[in-house]
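Peer 1: Just so it is clear, I am handing over start31.cif, which has mmCIF, C-alpha atoms and all ligand atoms.
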data_run
loop_
_atom_site.label_atom_id
_atom_site.label_comp_id
_atom_site.auth_asym_id
_atom_site.auth_seq_id
_atom_site.Cartn_x
_atom_site.Cartn_y
_atom_site.Cartn_z
CA TYR Z 1 0.00 0.00 0.00
CA SER Z 2 1.09 3.57 -0.59
CA LEU Z 3 2.49 5.39 2.45
CA ASP Z 4 0.15 8.27 1.67
CA ASP Z 5 -2.90 6.15 2.48
CA PHE Z 6 -1.79 5.35 6.04
CA CYS Z 7 -0.56 7.14 9.16
CA VAL Z 8 3.22 6.88 9.03
CA PRO Z 9 5.45 9.00 11.32
CA ALA Z 10 7.08 11.88 9.43
CA HIS Z 11 10.52 10.87 10.70
CA TYR Z 12 10.31 7.59 8.78
CA TYR Z 13 8.42 8.71 5.70
CA ASP Z 14 11.44 8.82 3.35
CA ASP Z 15 12.92 5.56 4.62
CA LEU Z 16 10.10 3.19 3.63
CA LYS Z 17 9.12 1.68 0.32
CA CYS Z 18 5.51 0.80 1.20
CA VAL Z 19 3.09 -0.42 3.84
CA LEU Z 20 2.93 -4.22 3.57
CA LEU Z 21 0.52 -5.00 6.44
CA PRO Z 22 -1.51 -2.22 8.05
CA LYS Z 23 -1.96 -2.57 11.81
CA GLY Z 24 -5.74 -2.98 11.48
CA LEU Z 25 -5.28 -5.95 9.18
CA ILE Z 26 -2.73 -7.46 11.57
CA LEU Z 27 -5.10 -7.12 14.53
CA ASP Z 28 -7.88 -8.86 12.65
CA ARG Z 29 -5.59 -11.76 11.72
CA VAL Z 30 -4.24 -11.93 15.31
CA GLN Z 31 -7.78 -12.33 16.64
CA ARG Z 32 -8.36 -15.29 14.33
CA LEU Z 33 -4.99 -16.83 15.32
CA ALA Z 34 -5.94 -16.50 19.00
CA GLU Z 35 -9.21 -18.38 18.35
CA ASP Z 36 -7.28 -21.21 16.68
CA ILE Z 37 -4.71 -21.34 19.49
CA CYS Z 38 -7.38 -21.37 22.24
CA HIS Z 39 -9.10 -24.24 20.46
CA ASP Z 40 -5.93 -26.36 20.40
CA ILE Z 41 -4.11 -25.54 23.62
CA SER Z 42 -4.08 -27.54 26.84
CA SER Z 43 -3.81 -26.00 30.32
CA PRO Z 44 -1.60 -24.76 31.92
CA LEU Z 45 -0.03 -22.62 29.22
CA VAL Z 46 3.20 -20.64 29.34
CA ALA Z 47 3.25 -17.92 26.68
CA LEU Z 48 6.89 -17.25 25.90
CA CYS Z 49 7.67 -13.95 24.17
CA VAL Z 50 10.83 -13.80 22.07
CA LEU Z 51 12.16 -10.26 22.57
CA LYS Z 52 12.38 -7.69 21.32
CA GLY Z 53 10.66 -8.06 17.96
CA GLY Z 54 7.87 -10.24 19.32
CA TYR Z 55 6.54 -7.82 21.94
CA GLN Z 56 3.75 -6.14 19.97
CA PHE Z 57 2.45 -9.41 18.52
CA PHE Z 58 2.69 -10.97 22.00
CA THR Z 59 0.71 -8.14 23.59
CA ASP Z 60 -2.05 -8.16 20.97
CA LEU Z 61 -2.27 -11.97 20.84
CA LEU Z 62 -2.48 -12.27 24.62
CA ASP Z 63 -5.18 -9.59 24.78
CA CYS Z 64 -7.27 -11.78 22.47
CA ILE Z 65 -6.50 -14.96 24.45
CA LYS Z 66 -7.43 -13.22 27.72
CA ASN Z 67 -10.71 -12.05 26.22
CA HIS Z 68 -11.42 -15.59 25.08
CA ASN Z 69 -10.68 -16.95 28.55
CA ALA Z 70 -12.89 -14.33 30.17
CA THR Z 71 -15.92 -15.23 28.08
CA SER Z 72 -15.51 -18.91 27.18
CA GLU Z 73 -16.76 -21.95 29.13
CA LYS Z 74 -13.47 -23.68 28.35
CA SER Z 75 -10.79 -21.42 29.79
CA PHE Z 76 -7.19 -22.25 30.65
CA GLN Z 77 -4.53 -20.92 33.00
CA MET Z 78 -1.75 -18.89 31.42
CA GLN Z 79 1.62 -17.67 32.64
CA VAL Z 80 3.94 -15.38 30.72
CA ASP Z 81 7.69 -15.33 30.32
CA PHE Z 82 10.14 -13.39 28.19
CA ILE Z 83 13.33 -14.55 26.53
CA LYS Z 84 16.03 -13.10 24.34
CA VAL Z 85 17.76 -15.42 21.97
CA LYS Z 86 21.33 -15.33 20.76
CA SER Z 87 23.00 -18.01 18.64
CA TYR Z 88 26.51 -18.73 19.76
CA MET Z 89 28.92 -16.87 17.51
CA ASN Z 90 31.56 -18.84 15.61
CA ASP Z 91 30.17 -22.12 16.77
CA GLN Z 92 28.51 -24.25 14.13
CA SER Z 93 29.21 -27.51 15.89
CA THR Z 94 26.74 -27.45 18.80
CA GLY Z 95 23.88 -25.53 17.19
CA VAL Z 96 22.78 -24.44 20.67
CA VAL Z 97 21.14 -21.05 21.24
CA ASN Z 98 21.78 -18.93 24.26
CA ILE Z 99 18.50 -18.06 25.98
CA MET Z 100 18.57 -15.04 28.25
CA GLY Z 101 16.07 -13.33 30.49
CA SER Z 102 13.71 -16.12 31.49
CA ASP Z 103 12.75 -16.45 35.18
CA ASN Z 104 13.38 -20.15 35.24
CA LEU Z 105 13.30 -22.41 32.21
CA ALA Z 106 13.16 -25.50 34.45
CA SER Z 107 9.61 -24.49 35.39
CA LEU Z 108 8.54 -25.25 31.80
CA LYS Z 109 8.58 -28.96 32.66
CA GLY Z 110 5.22 -30.64 32.03
CA LYS Z 111 3.59 -27.44 30.74
CA SER Z 112 2.27 -26.39 27.33
CA ILE Z 113 4.52 -23.77 25.80
CA LEU Z 114 3.52 -21.24 23.18
CA ILE Z 115 6.58 -19.53 21.71
CA VAL Z 116 5.61 -16.13 20.25
CA GLU Z 117 8.03 -14.88 17.59
CA ASP Z 118 7.97 -11.96 15.16
CA ILE Z 119 9.31 -13.52 11.98
CA ILE Z 120 10.80 -16.73 10.61
CA ASP Z 121 13.35 -16.17 7.85
CA THR Z 122 15.77 -19.10 7.37
CA GLY Z 123 14.18 -20.90 10.32
CA ASN Z 124 17.57 -21.58 11.87
CA THR Z 125 16.94 -19.61 15.07
CA MET Z 126 13.63 -21.36 15.75
CA VAL Z 127 14.95 -24.87 15.05
CA LYS Z 128 17.74 -24.27 17.56
CA LEU Z 129 15.44 -22.62 20.09
CA LEU Z 130 13.04 -25.58 19.92
CA GLU Z 131 15.89 -28.05 20.52
CA THR Z 132 16.94 -26.09 23.58
CA ILE Z 133 13.42 -25.65 25.01
CA LYS Z 134 12.64 -29.36 24.57
CA LYS Z 135 15.52 -30.24 26.90
CA PHE Z 136 13.40 -28.80 29.73
CA GLU Z 137 10.75 -31.48 29.07
CA PRO Z 138 7.63 -29.43 28.41
CA LYS Z 139 4.43 -31.35 27.72
CA GLN Z 140 3.90 -29.63 24.38
CA VAL Z 141 5.61 -26.84 22.44
CA MET Z 142 3.80 -24.73 19.84
CA VAL Z 143 5.16 -21.80 17.86
CA ALA Z 144 3.19 -18.78 16.69
CA SER Z 145 5.03 -16.49 14.30
CA LEU Z 146 3.41 -13.33 13.01
CA LEU Z 147 5.37 -13.52 9.76
CA LEU Z 148 6.89 -16.26 7.64
CA LYS Z 149 9.19 -15.21 4.82
CA ARG Z 150 9.00 -16.99 1.50
CA THR Z 151 12.70 -17.41 0.79
CA LYS Z 152 15.07 -19.83 -0.88
CA ARG Z 153 17.18 -19.63 2.29
CA SER Z 154 14.45 -21.41 4.29
CA ASN Z 155 15.47 -24.64 6.00
CA GLY Z 156 11.89 -25.88 5.60
CA TYR Z 157 10.75 -25.11 9.17
CA ARG Z 158 7.12 -23.98 9.44
CA PRO Z 159 5.53 -22.71 12.67
CA ASN Z 160 2.29 -24.18 14.06
CA TYR Z 161 0.58 -20.81 13.64
CA THR Z 162 1.50 -18.22 11.02
CA GLY Z 163 -0.04 -14.77 10.73
CA PHE Z 164 1.07 -13.90 7.22
CA GLU Z 165 3.41 -15.31 4.60
CA ILE Z 166 5.39 -12.43 3.13
CA PRO Z 167 7.77 -11.92 0.19
CA ASP Z 168 11.54 -11.96 0.63
CA ALA Z 169 12.10 -8.33 1.67
CA PHE Z 170 13.35 -6.73 4.90
CA VAL Z 171 10.34 -5.59 6.92
CA VAL Z 172 10.11 -3.23 9.90
CA GLY Z 173 7.44 -1.87 12.23
CA TYR Z 174 4.93 -3.41 14.66
CA ALA Z 175 7.99 -3.94 16.93
CA LEU Z 176 10.26 -5.30 14.18
CA ASP Z 177 13.47 -3.29 13.92
CA TYR Z 178 16.34 -2.37 11.67
CA ASN Z 179 19.30 -1.76 14.01
CA GLU Z 180 16.80 -0.86 16.77
CA TYR Z 181 14.94 1.71 14.63
CA PHE Z 182 11.36 1.46 13.31
CA ARG Z 183 9.90 -0.37 16.32
CA ASP Z 184 7.90 2.85 16.84
CA LEU Z 185 5.90 2.30 13.65
CA ASN Z 186 2.38 0.83 13.73
CA HIS Z 187 2.33 -0.99 10.41
CA VAL Z 188 4.61 -3.64 8.95
CA CYS Z 189 6.46 -1.81 6.16
CA ILE Z 190 9.23 -2.59 3.68
CA ILE Z 191 12.34 -0.50 4.30
CA ASN Z 192 13.95 1.20 1.28
CA GLU Z 193 17.63 1.67 0.36
CA ARG Z 194 17.69 5.16 1.84
CA GLY Z 195 16.41 3.82 5.16
CA LYS Z 196 18.97 1.02 5.19
CA LYS Z 197 21.75 3.53 4.59
CA ARG Z 198 20.49 6.08 7.07
CA TYR Z 199 20.19 3.58 9.92
CA ALA Z 200 23.11 1.35 8.98
CA ALA Z 201 25.12 0.05 11.94
CA ASN Z 202 28.34 1.98 12.55
CA THR Z 203 30.90 -0.75 12.19
P1 LIG Z 301 16.07 -16.80 11.04
O1 LIG Z 301 16.94 -17.53 12.02
O2 LIG Z 301 14.73 -17.46 10.84
O3 LIG Z 301 16.77 -16.61 9.71
O4 LIG Z 301 15.89 -15.33 11.55
C1 LIG Z 301 15.14 -15.06 12.63
C2 LIG Z 301 15.31 -13.65 13.17
O5 LIG Z 301 15.96 -12.75 12.26
C3 LIG Z 301 13.96 -13.07 13.39
O6 LIG Z 301 13.42 -13.47 14.62
C4 LIG Z 301 14.25 -11.58 13.32
O7 LIG Z 301 14.72 -11.13 14.57
C5 LIG Z 301 15.35 -11.47 12.29
N1 LIG Z 301 14.77 -11.14 10.95
C6 LIG Z 301 14.71 -11.94 9.87
N2 LIG Z 301 14.10 -11.31 8.83
C7 LIG Z 301 13.76 -10.09 9.27
C8 LIG Z 301 13.08 -8.95 8.65
O8 LIG Z 301 12.66 -8.93 7.48
N3 LIG Z 301 12.90 -7.85 9.44
C9 LIG Z 301 13.33 -7.80 10.73
N4 LIG Z 301 13.11 -6.67 11.39
N5 LIG Z 301 13.96 -8.84 11.34
C10 LIG Z 301 14.18 -9.97 10.62
MG MG Z 302 12.71 -12.58 16.40
MG MG Z 303 16.06 -7.52 15.17
#
Show how you would write the structure in this file as structure tokens.

Peer 2:
Amino acid sequence: YSLDDFCVPAHYYDDLKCVLLPKGLILDRVQRLAEDICHDISSPLVALCVLKGGYQFFTDLLDCIKNHNATSEKSFQMQVDFIKVKSYMNDQSTGVVNIMGSDNLASLKGKSILIVEDIIDTGNTMVKLLETIKKFEPKQVMVASLLLKRTKRSNGYRPNYTGFEIPDAFVVGYALDYNEYFRDLNHVCIINERGKKRYAANT
């Protein structure tokens, strides 16, 4: 969609190619995803937010799940936790990811886990994260990703719940960043060359 048809902050106007997913469209899809998840999930649930990019999706998805629980005859208990994921640098041998920030991963044992992620690109991060989480013996692990990129680089991994499949472009907004910028943008947009240059990391 054209930037002119949506509310985009003036400070980002020249750095974006187009609006790919307006926030209103995302919220509608998130509500549907929440219905599907509530139908499938078994209690007790731990909703695990993968920071930072997953925070907006996590917030909106959990709002819908809470509303469901408040009005449905079949409700379930839910706890929340937050993690940050880093793959070990220069270490291809173990394929282990470093999980930071969680209260206590051992408490995942025997519970249903819903990992909430912003975007799957190659799928490598999620495959490694799942291997690591499964070591803590949860009862069930599901993954909800707002976005799934259609790319030749994909390792074939597909999440249990996908909001939107998107083309192979770098997207920002709705908490997704480019070097920490653009999280303060409501819609999912495609960044342009000017934006990439302007906010390039100083290396
Ligand atoms: P993967 O391991 O699947 O290749 O990459 C996963 C992570 O890379 C995502 O969770 C996200 O943090 C980052 N990433 C991949 N593609 C994009 C993109 O188009 N935009 C943004 N903002 N981050 C991306
Ligand atoms: Mg992510
Ligand atoms: Mg990022």

Peer 1: Quick one: which range 7-54 of chain Z residues come within 9 Å of range 131-149 of chain Z, and what is the nearest atom pair for each with the distance in Å to one decimal, counting all atoms listed in the file, rows ordered by chain and ascending number, as a Markdown table?

Peer 2:
| residue | atom | partner | partner_atom | distance |
| --- | --- | --- | --- | --- |
| Z:Ile26 | CA | Z:Leu146 | CA | 8.6 |
| Z:Val30 | CA | Z:Leu146 | CA | 8.1 |
| Z:Leu33 | CA | Z:Ala144 | CA | 8.5 |
| Z:Ile37 | CA | Z:Ala144 | CA | 8.8 |
| Z:Ile41 | CA | Z:Met142 | CA | 8.8 |
| Z:Ser42 | CA | Z:Gln140 | CA | 8.6 |
| Z:Gly54 | CA | Z:Leu146 | CA | 8.3 |

Peer 1: Which protein, DNA or RNA residues have an atom within 7 Å of ligand MG 302 (chain Z), counting only C-alpha atoms and all ligand atoms, as a short mmCIF file (atom, residue, chain, number, x, y, z; two decimals) with C-alpha atoms, keeping the file's coordinate frame?

Peer 2:
data_model
loop_
_atom_site.label_atom_id
_atom_site.label_comp_id
_atom_site.auth_asym_id
_atom_site.auth_seq_id
_atom_site.Cartn_x
_atom_site.Cartn_y
_atom_site.Cartn_z
CA VAL Z 50 10.83 -13.80 22.07
CA LEU Z 51 12.16 -10.26 22.57
CA LYS Z 52 12.38 -7.69 21.32
CA GLY Z 53 10.66 -8.06 17.96
CA GLY Z 54 7.87 -10.24 19.32
CA GLU Z 117 8.03 -14.88 17.59
CA ASP Z 118 7.97 -11.96 15.16
CA ILE Z 119 9.31 -13.52 11.98
#

Peer 1: My list of candidates is Z:Ser112, Z:Tyr55, Z:Lys74, Z:Cys64. Which is closest to ligand LIG 301 (chain Z) when distances are computed with all atoms listed in the file?

Peer 2: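 Closest to ligand LIG 301 (chain Z) of all the choices is Z:Tyr55.
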
Peer 1: Which residue out of Z:Ile120, Z:Ile166, Z:Ile191, Z:Leu105 has the minimum interatomic distance to ligand LIG 301 (chain Z) when all atoms listed in the file are used?

Peer 2: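 Selected residue with least distance to ligand LIG 301 (chain Z): Z:Ile120.
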
Peer 1: Residues contacting ligand LIG 301 (chain Z) - anything with an atom at most 7 Å away, using all atoms listed in the file - can you give me those as a ChimeraX atom specification?

Peer 2: /Z:53,117-126,169-172,176-178

Peer 1: Compare Z:Gln31, Z:Asn192, Z:Thr162, Z:Asn155 by their minimum atom-to-atom distance to Val116 in chain Z, counting all atoms listed in the file, and give me the closest one.

Peer 2: Z:Thr162

Peer 1: Compare Z:Leu108, Z:Val97, Z:Leu21, Z:Leu114 by their minimum atom-to-atom distance to Leu62 in chain Z, counting all atoms listed in the file, and give me the closest one.

Peer 2: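 Answer, going by the shortest atom-to-atom distance: Z:Leu114.
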
Peer 1: Of the residues Z:Gly24, Z:Gly173, Z:Pro167, Z:Gly195, which is the one nearest to Gln56 in chain Z, using all atoms listed in the file?

Peer 2: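 Smallest separation from Gln56 in chain Z among the options: Z:Gly173.
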
Peer 1: Out of Z:Asn98, Z:Asn202, Z:Asn179, Z:Ser43, which residue has the shortest atom-to-atom distance to ligand MG 303 (chain Z) when counting only C-alpha atoms and all ligand atoms?

Peer 2: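 Checking each candidate against ligand MG 303 (chain Z), we get Z:Asn179 as the closest.
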
Peer 1: State, in Å with one decimal place, the distance from CA of Ser75 in chain Z to CA of Gly101 in chain Z.

Peer 2: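 Going from CA of Ser75 in chain Z over to CA of Gly101 in chain Z covers 28.1 Å.
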
Peer 1: Record the distance separating CA of Ile83 in chain Z and CA of Leu48 in chain Z, expressed in Å with one decimal.

Peer 2: 7.0 Å

Peer 1: May I have the residues within 7 Å of Leu20 in chain Z as a PyMOL selection string, using all atoms listed in the file and disregarding those fewer than 4 positions away in the same chain?

Peer 2: chain Z and resi 1+188-190

Peer 1: Can you work out the spacing between CA of Asp103 in chain Z and CA of Val80 in chain Z in Å, to one decimal?

Peer 2: 9.9 Å

Peer 1: Lys23 in chain Z: which residues within 7 Å, counting only C-alpha atoms, same-chain residues fewer than 3 positions away excluded, as a list in words?

Peer 2: Ile26, Leu27, Asn186 and His187 of chain Z

Peer 1: Can you tell me, as JSON, numbers by chain, what residues are no more than 9 Å from Gln79 in chain Z when counting all atoms listed in the file, ignoring any on the same chain fewer than 2 positions away?

Peer 2: {"Z": [44, 45, 46, 47, 48, 77, 81]}
